[in-house]
>>> print(open('model-v5.cif').read())   # mmCIF, C-alpha atoms
data_data
loop_
_atom_site.group_PDB
_atom_site.id
_atom_site.type_symbol
_atom_site.label_atom_id
_atom_site.label_comp_id
_atom_site.auth_asym_id
_atom_site.auth_seq_id
_atom_site.Cartn_x
_atom_site.Cartn_y
_atom_site.Cartn_z
ATOM 1 C CA MET A 28 0.000 0.000 0.000
ATOM 2 C CA GLU A 29 1.490 3.351 -0.996
ATOM 3 C CA ASN A 30 2.187 5.808 1.775
ATOM 4 C CA LYS A 31 0.840 9.152 0.562
ATOM 5 C CA ASN A 32 2.943 11.036 3.115
ATOM 6 C CA PHE A 33 6.238 9.637 1.827
ATOM 7 C CA LYS A 34 7.695 9.268 -1.634
ATOM 8 C CA LEU A 35 11.042 7.662 -2.279
ATOM 9 C CA GLY A 36 13.608 10.109 -3.617
ATOM 10 C CA VAL A 37 11.683 13.224 -2.573
ATOM 11 C CA ARG A 38 13.754 15.505 -0.344
ATOM 12 C CA ARG A 39 12.001 16.703 2.776
ATOM 13 C CA GLU A 40 12.012 20.460 3.081
ATOM 14 C CA ILE A 41 13.478 21.543 6.378
ATOM 15 C CA GLY A 42 13.408 25.294 6.046
ATOM 16 C CA LYS A 43 16.008 27.965 6.707
ATOM 17 C CA ILE A 44 16.572 26.689 10.257
ATOM 18 C CA ASN A 45 16.179 23.058 11.257
ATOM 19 C CA TRP A 46 14.506 23.675 14.596
ATOM 20 C CA THR A 47 14.081 19.971 15.373
ATOM 21 C CA ALA A 48 17.778 19.267 14.890
ATOM 22 C CA LEU A 49 18.714 22.421 16.799
ATOM 23 C CA PHE A 50 16.571 21.446 19.775
ATOM 24 C CA THR A 51 17.892 17.867 19.680
ATOM 25 C CA LEU A 52 21.510 19.069 19.757
ATOM 26 C CA TYR A 53 20.677 21.468 22.596
ATOM 27 C CA ILE A 54 19.085 18.671 24.663
ATOM 28 C CA LYS A 55 22.098 16.444 23.953
ATOM 29 C CA GLU A 56 24.507 19.089 25.250
ATOM 30 C CA VAL A 57 22.369 19.799 28.318
ATOM 31 C CA LYS A 58 22.231 16.091 29.163
ATOM 32 C CA ARG A 59 25.991 15.911 28.702
ATOM 33 C CA PHE A 60 26.639 18.239 31.641
ATOM 34 C CA THR A 61 23.650 17.259 33.794
ATOM 35 C CA ASN A 62 24.767 13.609 33.727
ATOM 36 C CA VAL A 63 27.837 14.698 35.698
ATOM 37 C CA PHE A 64 26.153 17.429 37.766
ATOM 38 C CA LEU A 65 28.463 16.862 40.739
ATOM 39 C CA GLN A 66 31.331 18.077 38.578
ATOM 40 C CA THR A 67 29.546 20.691 36.474
ATOM 41 C CA ILE A 68 27.078 22.251 38.924
ATOM 42 C CA THR A 69 27.798 21.170 42.492
ATOM 43 C CA ALA A 70 31.566 21.732 42.318
ATOM 44 C CA PRO A 71 31.310 25.395 41.175
ATOM 45 C CA MET A 72 28.684 25.998 43.870
ATOM 46 C CA VAL A 73 31.008 24.653 46.570
ATOM 47 C CA THR A 74 33.966 26.606 45.148
ATOM 48 C CA THR A 75 31.976 29.845 45.360
ATOM 49 C CA LEU A 76 31.047 29.098 48.972
ATOM 50 C CA LEU A 77 34.690 28.379 49.831
ATOM 51 C CA PHE A 78 35.747 31.702 48.290
ATOM 52 C CA VAL A 79 33.179 33.494 50.446
ATOM 53 C CA ILE A 80 34.312 31.701 53.609
ATOM 54 C CA VAL A 81 38.007 32.358 52.975
ATOM 55 C CA PHE A 82 37.518 36.044 52.164
ATOM 56 C CA SER A 83 35.187 36.615 55.093
ATOM 57 C CA ILE A 84 37.853 35.187 57.417
ATOM 58 C CA ALA A 85 40.874 36.789 55.759
ATOM 59 C CA PHE A 86 39.406 40.295 55.502
ATOM 60 C CA ASP A 87 37.492 42.405 57.945
ATOM 61 C CA ARG A 88 33.833 43.119 57.429
ATOM 62 C CA GLY A 89 34.393 46.764 56.666
ATOM 63 C CA ALA A 90 33.153 48.704 53.681
ATOM 64 C CA GLY A 91 33.938 47.325 50.264
ATOM 65 C CA PHE A 92 32.376 49.967 48.005
ATOM 66 C CA ASN A 93 30.415 53.085 48.967
ATOM 67 C CA ASP A 94 29.880 51.790 52.518
ATOM 68 C CA VAL A 95 28.639 48.410 51.241
ATOM 69 C CA PRO A 96 30.040 45.507 53.341
ATOM 70 C CA PHE A 97 32.872 43.724 51.552
ATOM 71 C CA ILE A 98 31.146 40.320 51.422
ATOM 72 C CA THR A 99 27.970 41.883 50.043
ATOM 73 C CA PHE A 100 30.098 43.559 47.376
ATOM 74 C CA LEU A 101 32.103 40.391 46.680
ATOM 75 C CA VAL A 102 29.442 37.682 46.325
ATOM 76 C CA PRO A 103 27.738 38.802 43.072
ATOM 77 C CA GLY A 104 31.130 39.020 41.378
ATOM 78 C CA LEU A 105 32.087 35.542 42.543
ATOM 79 C CA ILE A 106 28.820 34.102 41.269
ATOM 80 C CA MET A 107 29.158 35.757 37.858
ATOM 81 C CA MET A 108 32.766 34.603 37.589
ATOM 82 C CA SER A 109 31.584 31.033 38.152
ATOM 83 C CA VAL A 110 28.766 31.474 35.616
ATOM 84 C CA ILE A 111 31.004 32.701 32.801
ATOM 85 C CA GLN A 112 33.721 30.125 33.487
ATOM 86 C CA ASN A 113 31.202 27.304 33.243
ATOM 87 C CA SER A 114 29.554 28.735 30.135
ATOM 88 C CA PHE A 115 32.973 28.790 28.501
ATOM 89 C CA ALA A 116 33.870 25.305 29.744
ATOM 90 C CA ASN A 117 30.665 23.730 28.443
ATOM 91 C CA SER A 118 30.908 24.861 24.827
ATOM 92 C CA SER A 119 34.688 24.570 24.548
ATOM 93 C CA SER A 120 34.795 21.049 25.990
ATOM 94 C CA ALA A 121 31.952 19.957 23.696
ATOM 95 C CA PHE A 122 33.991 20.671 20.563
ATOM 96 C CA MET A 123 37.303 19.586 22.038
ATOM 97 C CA THR A 124 35.927 16.232 23.204
ATOM 98 C CA ALA A 125 34.198 15.603 19.866
ATOM 99 C CA LYS A 126 37.422 16.317 17.975
ATOM 100 C CA VAL A 127 39.566 14.115 20.218
ATOM 101 C CA GLN A 128 37.090 11.220 20.181
ATOM 102 C CA GLY A 129 36.481 11.550 16.440
ATOM 103 C CA THR A 130 32.746 12.074 16.872
ATOM 104 C CA ILE A 131 32.870 15.549 15.323
ATOM 105 C CA ILE A 132 32.063 13.862 11.999
ATOM 106 C CA ASP A 133 28.629 12.940 13.386
ATOM 107 C CA LEU A 134 27.918 16.616 13.993
ATOM 108 C CA LEU A 135 29.155 17.651 10.554
ATOM 109 C CA MET A 136 27.111 14.975 8.761
ATOM 110 C CA ALA A 137 23.886 15.728 10.620
ATOM 111 C CA PRO A 138 21.270 17.991 8.970
ATOM 112 C CA LEU A 139 22.665 20.947 10.880
ATOM 113 C CA GLY A 140 23.960 24.198 9.471
ATOM 114 C CA PRO A 141 26.416 26.564 11.194
ATOM 115 C CA ILE A 142 23.593 28.669 12.619
ATOM 116 C CA GLU A 143 21.909 25.674 14.281
ATOM 117 C CA ILE A 144 25.202 24.441 15.745
ATOM 118 C CA LEU A 145 26.046 27.918 17.004
ATOM 119 C CA ILE A 146 22.657 28.521 18.639
ATOM 120 C CA ALA A 147 22.406 25.054 20.216
ATOM 121 C CA HIS A 148 25.881 25.117 21.766
ATOM 122 C CA THR A 149 25.501 28.722 22.901
ATOM 123 C CA LEU A 150 22.160 28.009 24.600
ATOM 124 C CA ALA A 151 23.601 24.900 26.259
ATOM 125 C CA GLY A 152 26.509 26.935 27.637
ATOM 126 C CA VAL A 153 24.140 29.610 28.928
ATOM 127 C CA THR A 154 21.922 26.916 30.483
ATOM 128 C CA ARG A 155 24.858 25.471 32.388
ATOM 129 C CA GLY A 156 25.804 28.946 33.578
ATOM 130 C CA LEU A 157 22.250 29.597 34.768
ATOM 131 C CA CYS A 158 22.183 26.255 36.586
ATOM 132 C CA VAL A 159 25.407 27.164 38.374
ATOM 133 C CA PHE A 160 23.983 30.571 39.275
ATOM 134 C CA THR A 161 20.750 29.080 40.620
ATOM 135 C CA ALA A 162 22.567 26.499 42.755
ATOM 136 C CA SER A 163 25.074 29.032 44.115
ATOM 137 C CA PHE A 164 22.468 31.718 44.760
ATOM 138 C CA LEU A 165 20.089 29.374 46.590
ATOM 139 C CA LEU A 166 22.871 28.035 48.805
ATOM 140 C CA LEU A 167 24.185 31.498 49.719
ATOM 141 C CA TRP A 168 20.648 32.853 50.187
ATOM 142 C CA ILE A 169 19.688 30.007 52.512
ATOM 143 C CA LEU A 170 22.865 30.646 54.526
ATOM 144 C CA GLY A 171 21.948 34.338 54.754
ATOM 145 C CA ILE A 172 25.040 35.480 52.858
ATOM 146 C CA ILE A 173 23.243 37.120 49.934
ATOM 147 C CA ASP A 174 19.944 38.966 49.649
ATOM 148 C CA LEU A 175 17.402 38.916 46.850
ATOM 149 C CA PRO A 176 18.333 41.113 43.871
ATOM 150 C CA LYS A 177 17.115 44.693 43.786
ATOM 151 C CA TYR A 178 16.698 44.701 40.021
ATOM 152 C CA PHE A 179 15.559 41.301 38.769
ATOM 153 C CA ILE A 180 15.433 42.327 35.086
ATOM 154 C CA TRP A 181 19.031 43.542 35.112
ATOM 155 C CA MET A 182 20.093 40.328 36.820
ATOM 156 C CA VAL A 183 18.519 38.123 34.140
ATOM 157 C CA LEU A 184 19.807 40.343 31.338
ATOM 158 C CA TYR A 185 23.407 40.264 32.519
ATOM 159 C CA LEU A 186 23.363 36.546 33.297
ATOM 160 C CA ILE A 187 22.184 35.777 29.766
ATOM 161 C CA GLN A 188 24.452 38.281 28.024
ATOM 162 C CA GLY A 189 27.524 37.282 30.029
ATOM 163 C CA GLY A 190 26.797 33.596 29.472
ATOM 164 C CA ILE A 191 26.378 34.125 25.723
ATOM 165 C CA THR A 192 29.681 35.986 25.462
ATOM 166 C CA LEU A 193 31.713 33.237 27.100
ATOM 167 C CA ALA A 194 29.747 30.390 25.498
ATOM 168 C CA ILE A 195 30.511 31.700 22.005
ATOM 169 C CA PHE A 196 34.124 32.365 22.959
ATOM 170 C CA GLY A 197 34.223 28.772 24.192
ATOM 171 C CA ILE A 198 32.994 27.555 20.800
ATOM 172 C CA LEU A 199 35.815 29.438 19.095
ATOM 173 C CA ALA A 200 38.366 28.126 21.584
ATOM 174 C CA GLY A 201 37.132 24.551 21.226
ATOM 175 C CA ILE A 202 37.357 24.782 17.443
ATOM 176 C CA TRP A 203 40.834 26.331 17.494
ATOM 177 C CA ALA A 204 42.372 23.979 20.061
ATOM 178 C CA GLN A 205 43.615 20.646 18.768
ATOM 179 C CA LYS A 206 44.355 19.124 22.160
ATOM 180 C CA PHE A 207 43.301 19.721 25.743
ATOM 181 C CA ASP A 208 46.625 21.376 26.596
ATOM 182 C CA GLN A 209 45.865 24.181 24.150
ATOM 183 C CA LEU A 210 42.385 24.590 25.613
ATOM 184 C CA SER A 211 43.888 24.803 29.097
ATOM 185 C CA ILE A 212 46.200 27.574 27.897
ATOM 186 C CA ILE A 213 43.217 29.663 26.811
ATOM 187 C CA SER A 214 41.383 29.008 30.067
ATOM 188 C CA ASN A 215 44.368 29.633 32.356
ATOM 189 C CA PHE A 216 46.002 32.537 30.537
ATOM 190 C CA ILE A 217 43.024 34.381 29.054
ATOM 191 C CA ILE A 218 39.716 33.560 30.763
ATOM 192 C CA GLN A 219 40.880 33.374 34.380
ATOM 193 C CA PRO A 220 43.086 36.508 34.267
ATOM 194 C CA LEU A 221 40.290 38.501 32.614
ATOM 195 C CA ALA A 222 37.854 37.260 35.275
ATOM 196 C CA PHE A 223 40.162 37.949 38.226
ATOM 197 C CA LEU A 224 41.163 41.390 36.915
ATOM 198 C CA SER A 225 37.624 42.504 36.128
ATOM 199 C CA GLY A 226 36.671 43.930 39.492
ATOM 200 C CA THR A 227 35.496 40.672 41.048
ATOM 201 C CA PHE A 228 37.357 41.314 44.300
ATOM 202 C CA TYR A 229 37.600 45.103 44.237
ATOM 203 C CA SER A 230 36.156 48.239 42.714
ATOM 204 C CA ILE A 231 38.138 49.325 39.662
ATOM 205 C CA GLU A 232 37.955 52.862 41.064
ATOM 206 C CA LYS A 233 40.880 51.784 43.250
ATOM 207 C CA LEU A 234 43.050 51.053 40.205
ATOM 208 C CA PRO A 235 45.552 53.498 38.692
ATOM 209 C CA GLU A 236 44.255 55.337 35.646
ATOM 210 C CA SER A 237 46.347 53.253 33.236
ATOM 211 C CA LEU A 238 44.947 49.964 34.558
ATOM 212 C CA LYS A 239 41.454 51.390 34.856
ATOM 213 C CA ILE A 240 41.405 52.076 31.117
ATOM 214 C CA LEU A 241 42.349 48.457 30.436
ATOM 215 C CA ALA A 242 39.533 47.278 32.713
ATOM 216 C CA TYR A 243 36.998 49.201 30.642
ATOM 217 C CA TYR A 244 38.105 47.222 27.566
ATOM 218 C CA ASN A 245 37.421 43.928 29.365
ATOM 219 C CA PRO A 246 33.906 42.632 28.524
ATOM 220 C CA ILE A 247 33.934 40.371 31.584
ATOM 221 C CA PHE A 248 34.155 43.499 33.747
ATOM 222 C CA TYR A 249 30.774 44.660 32.454
ATOM 223 C CA ALA A 250 29.172 41.268 33.127
ATOM 224 C CA ILE A 251 30.419 41.221 36.728
ATOM 225 C CA ASP A 252 29.725 44.907 37.327
ATOM 226 C CA GLY A 253 26.224 44.574 35.878
ATOM 227 C CA LEU A 254 25.260 41.589 38.017
ATOM 228 C CA ARG A 255 26.626 43.376 41.076
ATOM 229 C CA PHE A 256 24.447 46.369 40.219
ATOM 230 C CA SER A 257 21.363 44.143 40.081
ATOM 231 C CA PHE A 258 22.030 43.032 43.675
ATOM 232 C CA ILE A 259 23.368 46.104 45.490
ATOM 233 C CA GLY A 260 22.249 48.936 43.199
ATOM 234 C CA LEU A 261 25.804 50.288 42.766
ATOM 235 C CA SER A 262 28.246 49.858 39.900
ATOM 236 C CA ASP A 263 31.482 51.253 38.487
ATOM 237 C CA ALA A 264 30.012 51.680 35.010
ATOM 238 C CA SER A 265 26.575 52.515 33.699
ATOM 239 C CA PRO A 266 24.402 49.362 33.534
ATOM 240 C CA LEU A 267 23.068 50.482 30.166
ATOM 241 C CA LEU A 268 26.584 50.977 28.808
ATOM 242 C CA GLY A 269 27.609 47.547 30.083
ATOM 243 C CA SER A 270 24.645 45.908 28.413
ATOM 244 C CA LEU A 271 25.419 47.634 25.106
ATOM 245 C CA VAL A 272 29.067 46.562 25.288
ATOM 246 C CA LEU A 273 28.103 42.932 25.876
ATOM 247 C CA LEU A 274 25.503 43.110 23.110
ATOM 248 C CA SER A 275 28.144 44.389 20.687
ATOM 249 C CA CYS A 276 30.608 41.687 21.753
ATOM 250 C CA ASN A 277 27.979 38.992 21.327
ATOM 251 C CA PHE A 278 27.093 40.210 17.851
ATOM 252 C CA ALA A 279 30.728 40.301 16.724
ATOM 253 C CA LEU A 280 31.542 36.921 18.261
ATOM 254 C CA SER A 281 28.413 35.372 16.723
ATOM 255 C CA ILE A 282 29.409 36.510 13.230
ATOM 256 C CA LEU A 283 32.942 35.182 13.710
ATOM 257 C CA ALA A 284 31.766 31.837 15.124
ATOM 258 C CA TRP A 285 29.197 31.431 12.344
ATOM 259 C CA TYR A 286 31.875 32.028 9.715
ATOM 260 C CA VAL A 287 34.338 29.630 11.349
ATOM 261 C CA LEU A 288 31.675 26.913 11.490
ATOM 262 C CA LYS A 289 30.627 27.647 7.915
ATOM 263 C CA ILE A 290 34.112 27.151 6.465
ATOM 264 C CA GLY A 291 34.796 24.181 8.765
ATOM 265 C CA TYR A 292 38.029 25.604 10.177
ATOM 266 C CA ARG A 293 39.906 22.807 11.985
ATOM 267 C CA LEU A 294 36.772 20.670 11.839
ATOM 268 C CA ARG A 295 37.060 19.147 8.383
ATOM 269 C CA TYR A 296 40.148 17.078 7.699
#
>>> encode(input="model-v5.cif", output="structure tokens")
Amino acid sequence: MENKNFKLGVRREIGKINWTALFTLYIKEVKRFTNVFLQTITAPMVTTLLFVIVFSIAFDRGAGFNDVPFITFLVPGLIMMSVIQNSFANSSSAFMTAKVQGTIIDLLMAPLGPIEILIAHTLAGVTRGLCVFTASFLLLWILGIIDLPKYFIWMVLYLIQGGITLAIFGILAGIWAQKFDQLSIISNFIIQPLAFLSGTFYSIEKLPESLKILAYYNPIFYAIDGLRFSFIGLSDASPLLGSLVLLSCNFALSILAWYVLKIGYRLRY
């Protein structure tokens, strides 16, 4: 009996974006990090708590910024630092692992274009970052270390924008690196220094003018400063300016990542 809904040799029209394949790849990447949640979610949560404990013991509880207690000033920056590091780690490790294991060919042969791959991996990285934020925030809130945000919309906006920035950068790093040592170099010598020197532990107003200018060119600074603003209502830079900077970075990185995926740089051998 002939199946009227299927004809041999007729190509099924998918459309400009294969949403089914995109969603499937996104779910695959989310399951990849949730299957090892003790490593990907619980560990960053515990690390953030340890940072808070160590700094609260090592430093007095005096003012950290405009008469705001130091721990209150510190915690949002620590949480955002953990969010962006995990967003980067998720997307970069996805490509690096696929290349090392030889399974990258499965991704290239699937009915997925560069835009679907880019969106799926970026959303998965942001999802992991949001999971880390939720776990860390709930733990610190239950312990009475952090209060509810003053500006919920700004909090969500900066979490998403900061996560997107590092997730896309992670895609580029994972594509460029040919072994895990090279990926570690990017993480240890680019991501971590930018995160630690972005005002996580101090207000950049305390920096000399020469170093302060460099801080304003660091997109991670705006992510950390913006999330801090959403919690304490104070920031070194304008929240609107920070959002526009991150938006511009995300647009530029998206174009670059799309092009790299389109030409198959270091993916097709």
>>> residues_around(input="model-v5.cif", residues="A:Phe86", least_positions_apart="3", cutoff="10 Å", atoms="all atoms listed in the file", output="PyMOL selection string")
chain A and resi 81-83+89+97-98
>>> atom_distance(input="model-v5.cif", atom1="atom CA of A:Ile251", atom2="atom CA of A:Leu77")
18.8 Å
>>> closest_atom_pairs(input="model-v5.cif", of="stretch 168-255 of chain A", to="stretch 116-130 of chain A", cutoff="12 Å", atoms="only C-alpha atoms", output="Markdown table")
| residue | atom | partner | partner_atom | distance |
| --- | --- | --- | --- | --- |
| A:Gly190 | CA | A:Asn117 | CA | 10.6 |
| A:Ile191 | CA | A:Ser118 | CA | 10.4 |
| A:Thr192 | CA | A:Ser118 | CA | 11.2 |
| A:Leu193 | CA | A:Ala116 | CA | 8.6 |
| A:Ala194 | CA | A:Ser118 | CA | 5.7 |
| A:Ile195 | CA | A:Ser118 | CA | 7.4 |
| A:Phe196 | CA | A:Ser119 | CA | 8.0 |
| A:Gly197 | CA | A:Ser119 | CA | 4.2 |
| A:Ile198 | CA | A:Ser119 | CA | 5.1 |
| A:Leu199 | CA | A:Ser119 | CA | 7.4 |
| A:Ala200 | CA | A:Ser119 | CA | 5.9 |
| A:Gly201 | CA | A:Ser119 | CA | 4.1 |
| A:Ile202 | CA | A:Phe122 | CA | 6.2 |
| A:Trp203 | CA | A:Met123 | CA | 8.9 |
| A:Ala204 | CA | A:Met123 | CA | 7.0 |
| A:Gln205 | CA | A:Met123 | CA | 7.2 |
| A:Lys206 | CA | A:Met123 | CA | 7.1 |
| A:Phe207 | CA | A:Met123 | CA | 7.1 |
| A:Asp208 | CA | A:Met123 | CA | 10.5 |
| A:Gln209 | CA | A:Met123 | CA | 9.9 |
| A:Leu210 | CA | A:Ser119 | CA | 7.8 |
| A:Ser211 | CA | A:Ala116 | CA | 10.1 |
| A:Ile213 | CA | A:Ser119 | CA | 10.2 |
| A:Ser214 | CA | A:Ala116 | CA | 8.4 |
| A:Asn215 | CA | A:Ala116 | CA | 11.7 |
| A:Ile218 | CA | A:Ala116 | CA | 10.2 |
| A:Gln219 | CA | A:Ala116 | CA | 11.7 |
>>> residues_around(input="model-v5.cif", residues="A:Ile180", least_positions_apart="2", cutoff="12 Å", atoms="only C-alpha atoms", output="PyMOL selection string")
chain A and resi 176-178+182-187+253-254+256-258+266+270
>>> resolve_selection(input="model-v5.cif", expression="the PyMOL selection byres ((chain A and resi 134) around 10)", output="PyMOL selection string")
chain A and resi 52+122+125+130-133+135-140+144+294
>>> atom_distance(input="model-v5.cif", atom1="atom CA of A:Phe228", atom2="atom CA of A:Leu101")
5.8 Å
>>> atom_distance(input="model-v5.cif", atom1="atom CA of A:Pro141", atom2="atom CA of A:Gly291")
9.0 Å
>>> residues_around(input="model-v5.cif", residues="A:Leu76", least_positions_apart="5", cutoff="9 Å", atoms="only C-alpha atoms", output="ChimeraX atom specification")
/A:71,81,163,166-167
>>> write_last_selection(input="model-v5.cif", atoms="C-alpha atoms", output="mmCIF file, in the coordinates of the input")
data_model
loop_
_atom_site.group_PDB
_atom_site.id
_atom_site.type_symbol
_atom_site.label_atom_id
_atom_site.label_comp_id
_atom_site.auth_asym_id
_atom_site.auth_seq_id
_atom_site.Cartn_x
_atom_site.Cartn_y
_atom_site.Cartn_z
ATOM 1 C CA PRO A 71 31.310 25.395 41.175
ATOM 2 C CA VAL A 81 38.007 32.358 52.975
ATOM 3 C CA SER A 163 25.074 29.032 44.115
ATOM 4 C CA LEU A 166 22.871 28.035 48.805
ATOM 5 C CA LEU A 167 24.185 31.498 49.719
#
>>> closest_residue(input="model-v5.cif", among="A:Asn277, A:Ser114, A:Thr227, A:Ser262", to="A:Gln188", atoms="all atoms listed in the file")
A:Asn277
>>> resolve_selection(input="model-v5.cif", expression="the PyMOL selection byres ((chain A and resi 248) around 9)", output="ChimeraX atom specification")
/A:221-222,224-227,242-247,249-253,269
>>> closest_residue(input="model-v5.cif", among="A:Val63, A:Ile54, A:Leu170, A:Ile44", to="A:Val79", atoms="only C-alpha atoms")
A:Leu170
>>> closest_residue(input="model-v5.cif", among="A:Phe64, A:Ile169, A:Leu175, A:Ile142", to="A:Leu283", atoms="all atoms listed in the file")
A:Ile142
>>> closest_residue(input="model-v5.cif", among="A:Ile259, A:Phe278, A:Gln112, A:Tyr53", to="A:Phe223", atoms="all atoms listed in the file")
A:Gln112
>>> axis_aligned_box(input="model-v5.cif", around="stretch 203-219 of chain A", padding_each_side="8 Å", output="lines of an AutoDock Vina configuration file")
center_x = 43.2
center_y = 26.8
center_z = 25.9
size_x = 22.9
size_y = 31.3
size_z = 32.9
